[in-house]
>>> print(open('input.csv').read())   # CSV, C-alpha atoms and all ligand atoms
chain,number,residue,atom,x,y,z
A,23,MET,CA,18.4,-3.6,-18.2
A,24,GLN,CA,19.1,-3.1,-21.9
A,25,PHE,CA,15.9,-4.8,-23.0
A,26,LEU,CA,13.9,-2.3,-20.9
A,27,ALA,CA,15.6,0.6,-22.6
A,28,ASP,CA,13.9,-0.5,-25.9
A,29,TRP,CA,10.6,0.1,-24.3
A,30,GLN,CA,11.3,3.7,-23.2
A,31,GLY,CA,8.5,6.0,-24.2
A,32,PHE,CA,6.2,3.1,-25.0
A,33,LEU,CA,3.2,4.8,-23.4
A,34,GLY,CA,3.3,7.7,-25.9
A,35,ALA,CA,0.3,10.0,-25.5
A,36,ALA,CA,-1.2,7.7,-22.8
A,37,TYR,CA,1.7,8.6,-20.3
A,38,LEU,CA,-0.2,11.3,-18.4
A,39,TRP,CA,-3.4,9.2,-18.3
A,40,VAL,CA,-1.5,6.3,-16.8
A,41,LYS,CA,0.2,8.6,-14.3
A,42,ALA,CA,-3.2,10.1,-13.3
A,43,ALA,CA,-4.6,6.5,-12.8
A,44,HIS,CA,-1.5,5.6,-10.8
A,45,VAL,CA,-1.9,8.5,-8.4
A,46,THR,CA,-5.7,7.8,-8.1
A,47,PHE,CA,-5.1,4.2,-7.1
A,48,VAL,CA,-2.2,5.2,-4.8
A,49,ILE,CA,-4.8,7.3,-2.9
A,50,PHE,CA,-7.2,4.3,-2.7
A,51,TRP,CA,-4.4,2.0,-1.5
A,52,ILE,CA,-3.0,4.4,1.1
A,53,ALA,CA,-6.6,5.1,2.4
A,54,GLY,CA,-7.0,1.3,2.8
A,55,LEU,CA,-3.7,1.1,4.6
A,56,PHE,CA,-4.8,3.8,7.0
A,57,ILE,CA,-8.3,2.5,7.7
A,58,VAL,CA,-7.8,-1.3,8.2
A,59,PRO,CA,-5.4,-1.1,11.2
A,60,ARG,CA,-7.8,1.4,12.7
A,61,TYR,CA,-10.5,-1.2,12.4
A,62,TYR,CA,-8.3,-3.7,14.2
A,63,ILE,CA,-8.0,-1.4,17.2
A,64,HIS,CA,-11.8,-1.4,17.5
A,65,HIS,CA,-12.1,-5.1,16.6
A,66,GLN,CA,-9.8,-6.4,19.2
A,67,ALA,CA,-11.9,-4.7,21.9
A,68,THR,CA,-14.7,-7.1,21.1
A,69,THR,CA,-15.3,-10.6,22.5
A,70,PRO,CA,-14.3,-13.4,20.1
A,71,GLY,CA,-17.4,-15.0,18.7
A,72,SER,CA,-19.7,-12.1,19.5
A,73,ALA,CA,-21.9,-10.5,16.8
A,74,GLU,CA,-19.7,-7.4,17.0
A,75,ASP,CA,-16.6,-9.5,16.4
A,76,ARG,CA,-18.2,-11.1,13.3
A,77,ALA,CA,-19.3,-7.7,12.0
A,78,TRP,CA,-15.7,-6.5,12.2
A,79,ILE,CA,-14.4,-9.6,10.5
A,80,GLU,CA,-16.8,-9.0,7.6
A,81,ARG,CA,-15.9,-5.3,7.4
A,82,GLU,CA,-12.2,-6.0,7.4
A,83,ASP,CA,-12.5,-8.7,4.8
A,84,LYS,CA,-14.4,-6.4,2.5
A,85,ALA,CA,-11.9,-3.6,2.9
A,86,ARG,CA,-9.0,-6.0,2.1
A,87,THR,CA,-10.6,-7.7,-0.9
A,88,ILE,CA,-12.4,-4.7,-2.4
A,89,ILE,CA,-9.8,-1.9,-1.7
A,90,LEU,CA,-6.4,-3.0,-0.4
A,91,THR,CA,-5.5,-5.9,-2.6
A,92,PRO,CA,-6.8,-4.6,-6.0
A,93,ALA,CA,-5.5,-1.1,-5.4
A,94,MET,CA,-2.0,-2.4,-4.5
A,95,ILE,CA,-1.9,-4.6,-7.6
A,96,ILE,CA,-3.0,-1.7,-9.9
A,97,VAL,CA,-0.5,0.7,-8.3
A,98,TRP,CA,2.3,-1.7,-8.9
A,99,VAL,CA,1.4,-2.5,-12.5
A,100,LEU,CA,0.9,1.2,-13.5
A,101,GLY,CA,4.0,2.3,-11.5
A,102,LEU,CA,6.2,-0.3,-13.2
A,103,MET,CA,4.8,0.8,-16.6
A,104,LEU,CA,5.6,4.4,-15.8
A,105,GLY,CA,9.1,3.3,-14.7
A,106,VAL,CA,9.7,1.5,-18.0
A,107,HIS,CA,8.3,4.4,-20.0
A,108,LEU,CA,10.6,6.9,-18.3
A,109,GLY,CA,13.7,4.6,-18.4
A,110,ALA,CA,13.8,5.0,-14.6
A,111,PHE,CA,15.2,1.6,-13.7
A,112,GLY,CA,18.7,2.0,-12.3
A,113,GLN,CA,18.1,5.7,-11.3
A,114,HIS,CA,18.7,6.2,-7.6
A,115,TRP,CA,15.4,7.9,-6.8
A,116,PHE,CA,13.5,5.1,-8.5
A,117,SER,CA,15.5,2.3,-6.7
A,118,ALA,CA,14.8,4.1,-3.4
A,119,LYS,CA,11.2,4.3,-4.2
A,120,LEU,CA,11.0,0.6,-5.1
A,121,LEU,CA,12.5,-0.2,-1.8
A,122,LEU,CA,10.1,1.9,0.2
A,123,VAL,CA,7.1,0.6,-1.8
A,124,THR,CA,8.3,-2.9,-1.1
A,125,ILE,CA,8.3,-2.2,2.6
A,126,LEU,CA,4.7,-0.8,2.2
A,127,THR,CA,3.7,-4.0,0.5
A,128,GLY,CA,5.2,-6.0,3.3
A,129,TYR,CA,3.3,-3.9,5.8
A,130,GLN,CA,0.1,-4.9,3.9
A,131,GLY,CA,1.2,-8.5,4.2
A,132,TRP,CA,1.5,-8.0,8.0
A,133,ILE,CA,-2.0,-6.4,8.1
A,134,THR,CA,-3.5,-9.3,6.2
A,135,SER,CA,-1.9,-11.9,8.5
A,136,TYR,CA,-2.9,-10.0,11.7
A,137,GLY,CA,-6.5,-9.8,10.4
A,138,ARG,CA,-6.5,-13.6,10.0
A,139,LYS,CA,-5.4,-14.0,13.6
A,140,LEU,CA,-8.0,-11.6,14.8
A,141,SER,CA,-10.7,-13.5,12.9
A,142,LYS,CA,-9.6,-16.7,14.7
A,143,GLY,CA,-10.0,-14.9,18.1
A,144,HIS,CA,-6.3,-14.2,18.8
A,145,ARG,CA,-5.4,-10.7,20.0
A,146,GLU,CA,-1.6,-10.6,20.0
A,147,GLN,CA,-0.8,-6.9,19.8
A,148,ASN,CA,-1.8,-4.3,22.3
A,149,ASP,CA,-3.6,-1.1,21.1
A,150,LYS,CA,-0.5,1.0,21.6
A,151,ARG,CA,1.7,-1.2,19.4
A,152,LEU,CA,-1.1,-1.1,16.7
A,153,ARG,CA,-1.2,2.7,16.9
A,154,ILE,CA,2.5,2.9,16.4
A,155,MET,CA,2.4,0.5,13.5
A,156,ASN,CA,-0.3,2.6,12.0
A,157,GLU,CA,2.2,5.6,11.7
A,158,LEU,CA,4.3,3.6,9.2
A,159,PRO,CA,2.2,4.1,6.0
A,160,GLY,CA,2.0,7.9,6.6
A,161,MET,CA,5.8,8.2,7.0
A,162,LEU,CA,6.5,6.0,4.0
A,163,THR,CA,4.0,7.9,1.9
A,164,ALA,CA,5.7,11.2,2.7
A,165,LEU,CA,9.1,9.8,1.7
A,166,ILE,CA,7.8,8.2,-1.5
A,167,VAL,CA,6.1,11.4,-2.6
A,168,VAL,CA,9.4,13.4,-2.0
A,169,LEU,CA,11.3,10.8,-4.0
A,170,VAL,CA,9.0,11.0,-7.1
A,171,ILE,CA,8.4,14.8,-7.0
A,172,VAL,CA,11.7,16.3,-5.7
A,173,ARG,CA,13.9,13.4,-7.0
A,174,PRO,CA,16.7,14.5,-4.5
A,175,PHE,CA,19.1,12.0,-6.0
A,201,LIG,C1,4.1,0.2,-6.3
A,201,LIG,C2,5.1,0.5,-6.9
A,201,LIG,C3,5.3,1.9,-7.6
A,201,LIG,C4,6.0,2.2,-8.7
A,201,LIG,C5,6.8,1.1,-9.5
A,201,LIG,C6,5.9,3.6,-9.0
A,201,LIG,C7,6.5,4.3,-10.0
A,201,LIG,C8,6.2,5.5,-10.4
A,201,LIG,C9,6.8,6.2,-11.5
A,201,LIG,C10,7.8,5.6,-12.5
A,201,LIG,C11,6.2,7.5,-11.6
A,201,LIG,C12,6.4,8.5,-12.7
A,201,LIG,C13,7.2,9.7,-12.3
A,201,LIG,C14,7.1,10.7,-13.3
A,201,LIG,O1,6.4,10.7,-14.3
A,201,LIG,O2,7.9,11.7,-13.2
A,201,LIG,C15,5.3,7.6,-10.5
A,201,LIG,C16,4.6,8.7,-10.2
A,201,LIG,C17,4.1,8.9,-8.9
A,201,LIG,N1,4.0,8.0,-7.9
A,201,LIG,FE1,4.5,6.1,-8.0
A,201,LIG,N2,5.1,4.1,-8.0
A,201,LIG,C18,4.7,3.2,-7.1
A,201,LIG,C19,4.0,3.4,-6.0
A,201,LIG,C20,3.7,4.6,-5.5
A,201,LIG,C21,3.2,4.9,-4.1
A,201,LIG,C22,3.0,3.8,-3.1
A,201,LIG,C23,3.1,6.2,-4.0
A,201,LIG,C24,2.6,7.1,-2.8
A,201,LIG,C25,2.6,6.7,-1.6
A,201,LIG,C26,3.4,6.8,-5.3
A,201,LIG,C27,3.3,8.2,-5.6
A,201,LIG,C28,3.5,8.7,-6.8
A,201,LIG,C29,3.2,10.1,-7.2
A,201,LIG,C30,2.6,11.2,-6.3
A,201,LIG,C31,3.5,10.2,-8.5
A,201,LIG,C32,3.4,11.5,-9.4
A,201,LIG,C33,4.7,12.2,-9.5
A,201,LIG,C34,4.7,13.4,-10.5
A,201,LIG,O3,3.8,14.3,-10.4
A,201,LIG,O4,5.5,13.4,-11.4
A,201,LIG,N3,3.8,5.8,-6.1
A,201,LIG,N4,5.3,6.4,-9.8
>>> encode(input="input.csv", output="structure tokens")
Amino acid sequence: MQFLADWQGFLGAAYLWVKAAHVTFVIFWIAGLFIVPRYYIHHQATTPGSAEDRAWIEREDKARTIILTPAMIIVWVLGLMLGVHLGAFGQHWFSAKLLLVTILTGYQGWITSYGRKLSKGHREQNDKRLRIMNELPGMLTALIVVLVIVRPF
């Protein structure tokens, strides 16, 4: 990671602005991760092909393309910039954070693929399982925030 060390401090006076933008987009991203699986619970109660079904498909599509995907990309880009600025690569708290954020990104992949199935009329998960899955982003968020703020290791 020597080449990254040369970039340490590269954000200069912009550091706190980048951090503020990072946290703002984290809020948008996590809000999206909370809301879209909630939509699915309502969506899968509808009859495939009905007007209500089509309205949910459109709502979910908008939430994914306007909030989830752009917010996730911006959070990653700004977060990696902060990591380079701080020289955090290789530090344990940062490695753990990257692992948890990768799980969160995988969860978003699952959300996207389940949304595609719902839009094709498949309803594979029951509501209880969706509600349990929905707890994941909250738990991961709490752990990630502890890692960046407390830096326990
Ligand atoms: C997507 C990949 C991510 C990367 C690479 C990343 C990286 C970073 C880095 C390096 C910092 C700067 C820490 C400091 O200045 O002390 C930071 C700040 C922060 N990150 Fe992330 N982050 C990511 C995603 C997230 C997510 C998903 C959350 C919340 C769920 C989050 C919450 C925060 C918070 C609250 C801060 C501010 C900490 C402080 O006040 O110092 N980050 N992030």
>>> residues_near_ligand(input="input.csv", ligand="ligand LIG 201 (chain A)", cutoff="10 Å", atoms="all atoms listed in the file", output="JSON, numbers by chain")
{"A": [37, 38, 40, 41, 42, 43, 44, 45, 46, 47, 48, 49, 51, 52, 93, 94, 95, 96, 97, 98, 99, 100, 101, 102, 103, 104, 105, 106, 107, 108, 109, 110, 111, 115, 116, 117, 119, 120, 121, 122, 123, 124, 125, 126, 127, 159, 160, 161, 162, 163, 164, 165, 166, 167, 168, 169, 170, 171, 172, 173]}
>>> atom_distance(input="input.csv", atom1="CA of Glu157 in chain A", atom2="CA of Ser72 in chain A")
29.2 Å
>>> closest_residue(input="input.csv", among="A:Pro70, A:Gly143, A:Ala85, A:Gln113", to="Ile57 in chain A", atoms="all atoms listed in the file")
A:Ala85
>>> residues_around(input="input.csv", residues="range 75-81 of chain A", least_positions_apart="3", cutoff="10 Å", atoms="only C-alpha atoms", output="ChimeraX atom specification")
/A:58,61-62,64-72,84-86,137-138,140-143
>>> closest_residue(input="input.csv", among="A:Phe175, A:Ile89, A:Ile63, A:Trp132", to="Lys150 in chain A", atoms="all atoms listed in the file")
A:Ile63
>>> decode(input="input.csv", residues="range 97-142 of chain A", atoms="C-alpha atoms", output="JSON list (two decimals), in the first residue's frame")
[["chain", "number", "residue", "atom", "x", "y", "z"],
["A", 97, "VAL", "CA", -20.68, 6.97, -0.32],
["A", 98, "TRP", "CA", -18.08, 4.50, -1.64],
["A", 99, "VAL", "CA", -16.15, 7.13, -3.64],
["A", 100, "LEU", "CA", -16.07, 9.70, -0.81],
["A", 101, "GLY", "CA", -15.37, 7.02, 1.83],
["A", 102, "LEU", "CA", -12.40, 5.66, -0.13],
["A", 103, "MET", "CA", -11.10, 9.22, -0.62],
["A", 104, "LEU", "CA", -11.30, 9.74, 3.16],
["A", 105, "GLY", "CA", -9.53, 6.43, 3.73],
["A", 106, "VAL", "CA", -6.68, 7.46, 1.43],
["A", 107, "HIS", "CA", -6.48, 10.94, 3.00],
["A", 108, "LEU", "CA", -6.19, 9.45, 6.51],
["A", 109, "GLY", "CA", -3.84, 6.63, 5.51],
["A", 110, "ALA", "CA", -6.45, 4.26, 6.97],
["A", 111, "PHE", "CA", -5.78, 1.31, 4.65],
["A", 112, "GLY", "CA", -4.38, -1.56, 6.70],
["A", 113, "GLN", "CA", -5.75, -0.21, 9.99],
["A", 114, "HIS", "CA", -8.00, -2.75, 11.69],
["A", 115, "TRP", "CA", -11.03, -0.50, 12.23],
["A", 116, "PHE", "CA", -10.96, 0.44, 8.55],
["A", 117, "SER", "CA", -10.61, -3.15, 7.32],
["A", 118, "ALA", "CA", -13.55, -4.16, 9.52],
["A", 119, "LYS", "CA", -15.55, -1.21, 8.21],
["A", 120, "LEU", "CA", -14.82, -2.18, 4.61],
["A", 121, "LEU", "CA", -15.99, -5.72, 5.33],
["A", 122, "LEU", "CA", -19.29, -4.55, 6.84],
["A", 123, "VAL", "CA", -19.86, -2.01, 4.07],
["A", 124, "THR", "CA", -19.27, -4.75, 1.50],
["A", 125, "ILE", "CA", -21.97, -6.84, 3.22],
["A", 126, "LEU", "CA", -24.28, -3.81, 3.06],
["A", 127, "THR", "CA", -23.53, -3.46, -0.65],
["A", 128, "GLY", "CA", -24.29, -7.17, -1.13],
["A", 129, "TYR", "CA", -27.58, -6.64, 0.70],
["A", 130, "GLN", "CA", -28.40, -3.93, -1.82],
["A", 131, "GLY", "CA", -27.64, -6.43, -4.60],
["A", 132, "TRP", "CA", -30.13, -8.83, -3.03],
["A", 133, "ILE", "CA", -32.73, -6.03, -2.77],
["A", 134, "THR", "CA", -32.28, -5.24, -6.46],
["A", 135, "SER", "CA", -32.59, -8.85, -7.57],
["A", 136, "TYR", "CA", -35.65, -9.48, -5.37],
["A", 137, "GLY", "CA", -37.25, -6.33, -6.81],
["A", 138, "ARG", "CA", -36.76, -7.74, -10.33],
["A", 139, "LYS", "CA", -38.45, -10.99, -9.28],
["A", 140, "LEU", "CA", -41.39, -9.11, -7.77],
["A", 141, "SER", "CA", -41.79, -7.09, -10.96],
["A", 142, "LYS", "CA", -42.03, -10.37, -12.89]]
